[in-house]
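Asks: Here you go, this is target.txt (compact mmCIF, C-alpha atoms and all ligand atoms).
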```txt
# COMPACT_ATOMS: atom_id res chain seq x y z
CA MET A 1 -41.74 181.61 -53.48
CA ALA A 2 -39.82 180.04 -50.64
CA THR A 3 -37.37 177.42 -51.78
CA LYS A 4 -35.82 174.40 -50.06
CA LYS A 5 -32.43 176.04 -49.91
CA LYS A 6 -30.19 176.16 -46.83
CA PRO A 7 -32.00 177.66 -43.81
CA SER A 8 -31.21 181.31 -43.14
CA VAL A 9 -30.53 183.04 -39.87
CA ALA A 10 -30.09 186.43 -41.58
CA TYR A 11 -32.63 187.38 -44.23
CA TRP A 12 -34.00 190.62 -45.56
CA LEU A 13 -36.87 192.50 -47.08
CA GLU A 14 -35.94 195.78 -48.78
CA ASN A 15 -33.80 197.75 -46.30
CA THR A 16 -34.65 195.77 -43.21
CA LEU A 17 -32.38 192.95 -42.05
CA TYR A 18 -34.02 190.20 -39.99
CA LEU A 19 -32.50 187.61 -37.67
CA ASN A 20 -34.18 184.21 -37.39
CA ILE A 21 -32.51 182.94 -34.21
CA THR A 22 -34.99 180.23 -33.19
CA ASN A 23 -37.97 178.21 -34.38
CA ARG A 24 -39.25 177.73 -30.83
CA CYS A 25 -42.44 179.35 -29.59
CA HIS A 26 -44.80 178.70 -26.66
CA ASN A 27 -47.79 179.69 -28.79
CA ASN A 28 -49.45 177.74 -31.54
CA CYS A 29 -51.34 180.48 -33.37
CA TYR A 30 -53.61 179.04 -36.01
CA PHE A 31 -52.59 181.83 -38.38
CA CYS A 32 -48.83 181.35 -37.88
CA LEU A 33 -46.96 181.67 -41.16
CA ARG A 34 -44.94 178.56 -40.26
CA ASN A 35 -48.09 176.50 -40.79
CA PHE A 36 -48.28 177.57 -44.42
CA ARG A 37 -44.79 178.33 -45.64
CA ASP A 38 -41.15 177.33 -45.33
CA GLY A 39 -39.92 180.89 -45.34
CA ILE A 40 -40.17 184.44 -46.59
CA GLY A 41 -39.45 185.37 -50.19
CA SER A 42 -36.57 183.15 -51.31
CA PHE A 43 -35.35 182.55 -47.75
CA ASN A 44 -35.90 179.24 -45.99
CA LEU A 45 -36.57 179.98 -42.30
CA LYS A 46 -37.08 176.42 -41.09
CA LEU A 47 -33.89 175.86 -39.13
CA ASN A 48 -32.35 172.39 -38.99
CA LYS A 49 -30.85 173.35 -35.66
CA GLU A 50 -30.83 176.45 -33.50
CA PRO A 51 -27.72 178.52 -34.33
CA ALA A 52 -25.16 179.18 -31.61
CA ILE A 53 -24.63 182.86 -30.81
CA SER A 54 -21.29 182.70 -32.66
CA GLU A 55 -23.09 181.37 -35.75
CA VAL A 56 -25.67 184.19 -35.59
CA LEU A 57 -22.82 186.70 -35.45
CA THR A 58 -20.98 185.03 -38.33
CA GLU A 59 -24.04 185.11 -40.59
CA LEU A 60 -24.80 188.66 -39.54
CA GLN A 61 -21.29 189.83 -40.41
CA GLU A 62 -21.53 188.20 -43.85
CA VAL A 63 -24.47 190.43 -44.80
CA LEU A 64 -23.98 193.53 -42.70
CA ASN A 65 -22.21 195.44 -45.44
CA LEU A 66 -24.55 194.40 -48.26
CA LYS A 67 -26.76 197.43 -47.74
CA ASN A 68 -27.31 200.49 -45.63
CA TRP A 69 -29.79 198.71 -43.36
CA ARG A 70 -32.48 200.93 -41.91
CA GLU A 71 -33.26 198.51 -39.11
CA ILE A 72 -32.15 195.13 -37.76
CA VAL A 73 -35.05 193.09 -36.41
CA PHE A 74 -35.12 189.91 -34.33
CA CYS A 75 -37.98 188.14 -36.09
CA GLY A 76 -38.22 184.73 -37.67
CA PHE A 77 -40.08 181.45 -37.48
CA GLY A 78 -40.11 181.48 -33.67
CA GLU A 79 -40.20 183.76 -30.63
CA PRO A 80 -36.88 185.65 -30.19
CA LEU A 81 -37.28 186.01 -26.41
CA GLU A 82 -37.10 182.23 -26.09
CA ARG A 83 -33.38 183.10 -26.42
CA LEU A 84 -33.00 186.24 -24.34
CA ASP A 85 -29.24 185.80 -23.87
CA CYS A 86 -28.72 185.45 -27.62
CA VAL A 87 -30.75 188.62 -28.28
CA LEU A 88 -28.73 190.50 -25.65
CA GLU A 89 -25.33 189.36 -26.87
CA VAL A 90 -26.06 189.99 -30.55
CA SER A 91 -27.59 193.40 -29.76
CA ASN A 92 -24.57 194.33 -27.67
CA TRP A 93 -22.29 193.30 -30.53
CA ILE A 94 -24.24 195.36 -33.08
CA LYS A 95 -24.32 198.44 -30.88
CA ARG A 96 -20.61 198.09 -30.10
CA ASN A 97 -19.56 197.65 -33.71
CA HIS A 98 -22.26 199.37 -35.77
CA GLY A 99 -24.09 201.43 -33.17
CA LYS A 100 -24.72 204.51 -35.24
CA MET A 101 -25.73 202.54 -38.27
CA THR A 102 -29.09 201.13 -37.47
CA ALA A 103 -32.04 200.79 -35.11
CA LEU A 104 -32.71 197.50 -33.30
CA ARG A 105 -36.17 196.02 -32.96
CA ILE A 106 -37.68 192.81 -31.61
CA ASP A 107 -40.90 191.41 -33.03
CA THR A 108 -42.26 189.42 -30.11
CA ASN A 109 -45.34 187.67 -28.81
CA GLY A 110 -44.81 189.65 -25.60
CA GLN A 111 -44.28 186.62 -23.37
CA GLY A 112 -40.77 187.65 -22.34
CA PHE A 113 -41.59 187.67 -18.61
CA LEU A 114 -43.05 184.16 -18.67
CA LEU A 115 -40.11 182.85 -20.69
CA ASN A 116 -37.45 184.47 -18.50
CA ARG A 117 -38.76 184.40 -14.95
CA GLY A 118 -36.74 186.31 -12.41
CA ARG A 119 -34.97 188.40 -15.07
CA ASN A 120 -35.38 192.14 -15.50
CA VAL A 121 -36.17 191.56 -19.18
CA ILE A 122 -37.15 195.06 -20.32
CA ASN A 123 -34.24 196.71 -18.57
CA GLU A 124 -31.81 194.13 -19.97
CA LEU A 125 -33.10 194.69 -23.50
CA LYS A 126 -32.84 198.44 -23.17
CA THR A 127 -29.32 198.25 -21.78
CA ALA A 128 -28.30 196.00 -24.69
CA GLY A 129 -29.47 198.66 -27.15
CA ILE A 130 -32.92 197.53 -28.23
CA ASP A 131 -34.81 200.61 -29.42
CA LYS A 132 -38.19 199.22 -30.38
CA LEU A 133 -40.58 196.41 -29.57
CA SER A 134 -43.37 195.23 -31.83
CA VAL A 135 -45.69 193.14 -29.68
CA SER A 136 -48.24 190.79 -31.28
CA LEU A 137 -51.33 190.88 -29.10
CA ASN A 138 -53.76 189.43 -31.64
CA ALA A 139 -56.76 189.43 -29.32
CA HIS A 140 -59.04 191.86 -27.52
CA ASP A 141 -59.49 189.60 -24.47
CA LYS A 142 -58.07 186.53 -22.79
CA LYS A 143 -60.70 184.12 -24.12
CA THR A 144 -59.99 185.11 -27.71
CA TYR A 145 -56.23 184.94 -27.13
CA MET A 146 -56.54 181.39 -25.79
CA GLU A 147 -58.58 180.40 -28.82
CA VAL A 148 -56.54 181.94 -31.61
CA CYS A 149 -52.98 181.86 -30.20
CA ARG A 150 -53.32 178.63 -28.18
CA PRO A 151 -50.54 179.54 -25.68
CA SER A 152 -48.80 177.08 -23.37
CA PHE A 153 -49.01 179.66 -20.57
CA GLU A 154 -52.43 180.07 -19.01
CA ASN A 155 -51.75 183.70 -18.05
CA ALA A 156 -50.15 184.69 -21.36
CA PHE A 157 -52.64 187.45 -22.22
CA GLU A 158 -52.26 189.22 -18.86
CA SER A 159 -48.48 188.90 -19.01
CA ILE A 160 -48.32 190.47 -22.48
CA LEU A 161 -50.23 193.51 -21.23
CA GLU A 162 -47.78 193.82 -18.33
CA PHE A 163 -44.86 193.47 -20.75
CA VAL A 164 -46.13 196.35 -22.90
CA GLU A 165 -46.81 198.49 -19.84
CA LYS A 166 -43.29 197.95 -18.43
CA ALA A 167 -41.70 198.62 -21.82
CA LYS A 168 -43.52 201.94 -22.02
CA GLU A 169 -42.40 202.80 -18.48
CA GLU A 170 -38.81 202.19 -19.60
CA ALA A 171 -39.44 204.59 -22.52
CA LEU A 172 -38.98 202.03 -25.27
CA ASP A 173 -40.71 202.65 -28.59
CA VAL A 174 -43.55 200.11 -28.48
CA GLU A 175 -46.20 199.12 -30.97
CA VAL A 176 -48.96 196.60 -30.44
CA THR A 177 -50.10 194.62 -33.47
CA ALA A 178 -52.97 192.35 -34.39
CA VAL A 179 -53.57 190.09 -37.36
CA THR A 180 -56.76 190.81 -39.27
CA ILE A 181 -58.69 187.63 -38.51
CA PRO A 182 -62.45 187.52 -37.93
CA GLU A 183 -62.26 186.44 -34.27
CA VAL A 184 -60.44 189.63 -33.27
CA ASP A 185 -62.15 192.94 -32.54
CA LEU A 186 -59.44 195.21 -33.95
CA LYS A 187 -61.07 198.36 -32.57
CA LYS A 188 -60.88 196.97 -29.05
CA VAL A 189 -57.25 195.89 -29.50
CA GLY A 190 -56.51 199.45 -30.66
CA GLU A 191 -58.15 200.80 -27.51
CA ILE A 192 -56.04 198.48 -25.33
CA ALA A 193 -52.90 199.70 -27.09
CA GLU A 194 -53.92 203.32 -26.61
CA LYS A 195 -54.60 202.76 -22.91
CA LEU A 196 -51.11 201.27 -22.56
CA GLY A 197 -49.60 204.24 -24.42
CA ALA A 198 -48.44 202.15 -27.39
CA ARG A 199 -49.04 202.61 -31.11
CA PHE A 200 -51.33 200.15 -32.85
CA ARG A 201 -50.87 198.46 -36.22
CA THR A 202 -52.85 195.79 -37.98
CA ARG A 203 -51.11 193.06 -39.97
CA ALA A 204 -52.62 191.34 -42.95
CA TYR A 205 -53.45 187.68 -42.52
CA ILE A 206 -51.68 185.16 -44.80
CA PRO A 207 -50.24 185.51 -47.34
CA GLY A 208 -48.88 188.86 -46.09
CA PHE A 209 -45.67 189.25 -44.14
CA TRP A 210 -45.64 191.13 -40.84
S1 LIG B 1 -46.47 183.80 -31.62
FE1 LIG B 1 -45.67 184.14 -33.69
S2 LIG B 1 -44.18 182.46 -34.03
FE2 LIG B 1 -45.43 181.90 -32.26
S3 LIG B 1 -47.04 180.60 -33.10
FE3 LIG B 1 -47.83 182.72 -33.01
S4 LIG B 1 -47.41 183.64 -35.01
FE4 LIG B 1 -46.15 181.76 -34.82
```
What's the structure tokens form of this structure?

Replies:
Amino acid sequence: MATKKKPSVAYWLENTLYLNITNRCHNNCYFCLRNFRDGIGSFNLKLNKEPAISEVLTELQEVLNLKNWREIVFCGFGEPLERLDCVLEVSNWIKRNHGKMTALRIDTNGQGFLLNRGRNVINELKTAGIDKLSVSLNAHDKKTYMEVCRPSFENAFESILEFVEKAKEEALDVEVTAVTIPEVDLKKVGEIAEKLGARFRTRAYIPGFW
């Protein structure tokens, strides 16, 4: 059960360390865990304020030696690519100081191009040491995406597909995911992922963790 304790930037599940760097997101998915919970396990992920990059690094360093982490993942109660510069700086720091230790992943809604116009987002992520992207598509077509994810950006669905395609071109390890909700044709989402050359994974709807 999540408790009302101090909000966490760094939190973990088994051997995976997660970084909750923002609570901002340009989507309003009806199935978003934030609508139902304050956090994951015993960690409170509802931030009182967005942590500065230095605060992310401080919290990260406090827990880095707790375990032999298999992976560090940017994933919390918000979209990590709302803070591209934070992701880049923290990734750079990890690779510089603990490069051999662990893989780096971002769990994203795939709207990185819309959120960071004019930036070479995929290339910047790759250069900073990001190995993997897990992209939540959650719909088999634009109409369904608009209904279930309720994005602020009208062209979100198209932009996510482009994001996955570019990430594959840059040889990143990419998976596409979808939550198992009745509106979504999972078979069709799997076919889209296959066409884009990405792996496909389904994620259980609440109360599961993705
Ligand atoms: S994209 Fe993720 S963080 Fe944003 S509203 Fe949807 S489920 Fe929540």

Asks: With distances taken over all atoms listed in the file, which of A:Gly78, A:Pro7, A:Gly112, A:Pro51 is nearest to Phe163 (chain A)?

Replies: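 Nearest candidate to Phe163 (chain A) out of A:Gly78, A:Pro7, A:Gly112, A:Pro51: A:Gly112.
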
Asks: Can I get the residues of chain A within 8 Å of ligand LIG 1 (chain B), each with the closest pair of atoms and their distance in Å to one decimal, using all atoms listed in the file, sorted chain first then ascending number, as CSV?

Replies:
```
residue,atom,partner,partner_atom,distance
A:Asn23,CA,B:LIG1,S2,7.5
A:Arg24,CA,B:LIG1,S2,7.5
A:Cys25,CA,B:LIG1,FE2,4.8
A:His26,CA,B:LIG1,FE2,6.5
A:Asn27,CA,B:LIG1,S3,4.5
A:Asn28,CA,B:LIG1,S3,4.1
A:Cys29,CA,B:LIG1,FE3,4.2
A:Tyr30,CA,B:LIG1,S3,7.4
A:Phe31,CA,B:LIG1,S4,6.4
A:Cys32,CA,B:LIG1,S4,3.9
A:Leu33,CA,B:LIG1,FE4,6.4
A:Arg34,CA,B:LIG1,FE4,6.4
A:Gly76,CA,B:LIG1,S2,7.3
A:Phe77,CA,B:LIG1,S2,5.5
A:Gly78,CA,B:LIG1,S2,4.2
A:Glu79,CA,B:LIG1,S2,5.4
A:Thr108,CA,B:LIG1,S1,7.2
A:Asn109,CA,B:LIG1,S1,4.9
A:Ser136,CA,B:LIG1,S1,7.2
A:Cys149,CA,B:LIG1,FE3,5.9
```

Asks: Please provide as a PyMOL selection string all residues within 12 Å of region 177-182 of chain A, with the sequence filter that same-chain residues fewer than 6 positions apart are discarded (counting all atoms listed in the file).

Replies: chain A and resi 29-33+107-110+133-140+144-145+148-149+160+164+188-194+198-210

Asks: Near Thr127 (chain A), counting all atoms listed in the file, which residues have an atom at most 12 Å away, once you skip same-chain residues fewer than 2 positions from it, shown as a list in words?

Replies: Val87, Leu88, Glu89, Ser91, Asn92, Lys95, Asn120, Val121, Ile122, Asn123, Glu124, Leu125, Gly129, Ile130, Asp131, Glu170, Ala171 and Leu172 of chain A

Asks: Can you write just those residues out, C-alpha atoms, as a PDB file, in the frame of the given file?

Replies:
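Once everything was written out, this is part-v1.pdb:
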```
ATOM      1  CA  VAL A  87     -30.750 188.620 -28.280  1.00  0.00           C
ATOM      2  CA  LEU A  88     -28.730 190.500 -25.650  1.00  0.00           C
ATOM      3  CA  GLU A  89     -25.330 189.360 -26.870  1.00  0.00           C
ATOM      4  CA  SER A  91     -27.590 193.400 -29.760  1.00  0.00           C
ATOM      5  CA  ASN A  92     -24.570 194.330 -27.670  1.00  0.00           C
ATOM      6  CA  LYS A  95     -24.320 198.440 -30.880  1.00  0.00           C
ATOM      7  CA  ASN A 120     -35.380 192.140 -15.500  1.00  0.00           C
ATOM      8  CA  VAL A 121     -36.170 191.560 -19.180  1.00  0.00           C
ATOM      9  CA  ILE A 122     -37.150 195.060 -20.320  1.00  0.00           C
ATOM     10  CA  ASN A 123     -34.240 196.710 -18.570  1.00  0.00           C
ATOM     11  CA  GLU A 124     -31.810 194.130 -19.970  1.00  0.00           C
ATOM     12  CA  LEU A 125     -33.100 194.690 -23.500  1.00  0.00           C
ATOM     13  CA  GLY A 129     -29.470 198.660 -27.150  1.00  0.00           C
ATOM     14  CA  ILE A 130     -32.920 197.530 -28.230  1.00  0.00           C
ATOM     15  CA  ASP A 131     -34.810 200.610 -29.420  1.00  0.00           C
ATOM     16  CA  GLU A 170     -38.810 202.190 -19.600  1.00  0.00           C
ATOM     17  CA  ALA A 171     -39.440 204.590 -22.520  1.00  0.00           C
ATOM     18  CA  LEU A 172     -38.980 202.030 -25.270  1.00  0.00           C
TER      19      LEU A 172
END
```

Asks: Which residue gives the smallest distance to Ile72 (chain A) among A:Glu14, A:Glu154, A:Asp185, A:Glu165, with all atoms listed in the file counted?

Replies: A:Glu14

Asks: Considering all atoms listed in the file, can you say which of A:Thr58, A:Asn65, A:Asn44, A:Asn35 comes closest to Asn20 (chain A)?

Replies: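 For Asn20 (chain A), the nearest of the candidates is A:Asn44.
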
Asks: Enter the distance from CA of Gly39 (chain A) to CA of Phe74 (chain A), in Å, rounded to one decimal.

Replies: 15.0 Å

Asks: Near Glu59 (chain A), within 10 Å and counting all atoms listed in the file, which residues show up once chain neighbours fewer than 4 positions away are dropped, as a compact mmCIF listing (two decimals) with C-alpha atoms, in the frame of the given file?

Replies:
```txt
# COMPACT_ATOMS: atom_id res chain seq x y z
CA SER A 8 -31.21 181.31 -43.14
CA VAL A 9 -30.53 183.04 -39.87
CA ALA A 10 -30.09 186.43 -41.58
CA TYR A 11 -32.63 187.38 -44.23
CA LEU A 19 -32.50 187.61 -37.67
CA PRO A 51 -27.72 178.52 -34.33
CA SER A 54 -21.29 182.70 -32.66
CA GLU A 55 -23.09 181.37 -35.75
CA VAL A 63 -24.47 190.43 -44.80
CA LEU A 64 -23.98 193.53 -42.70
```
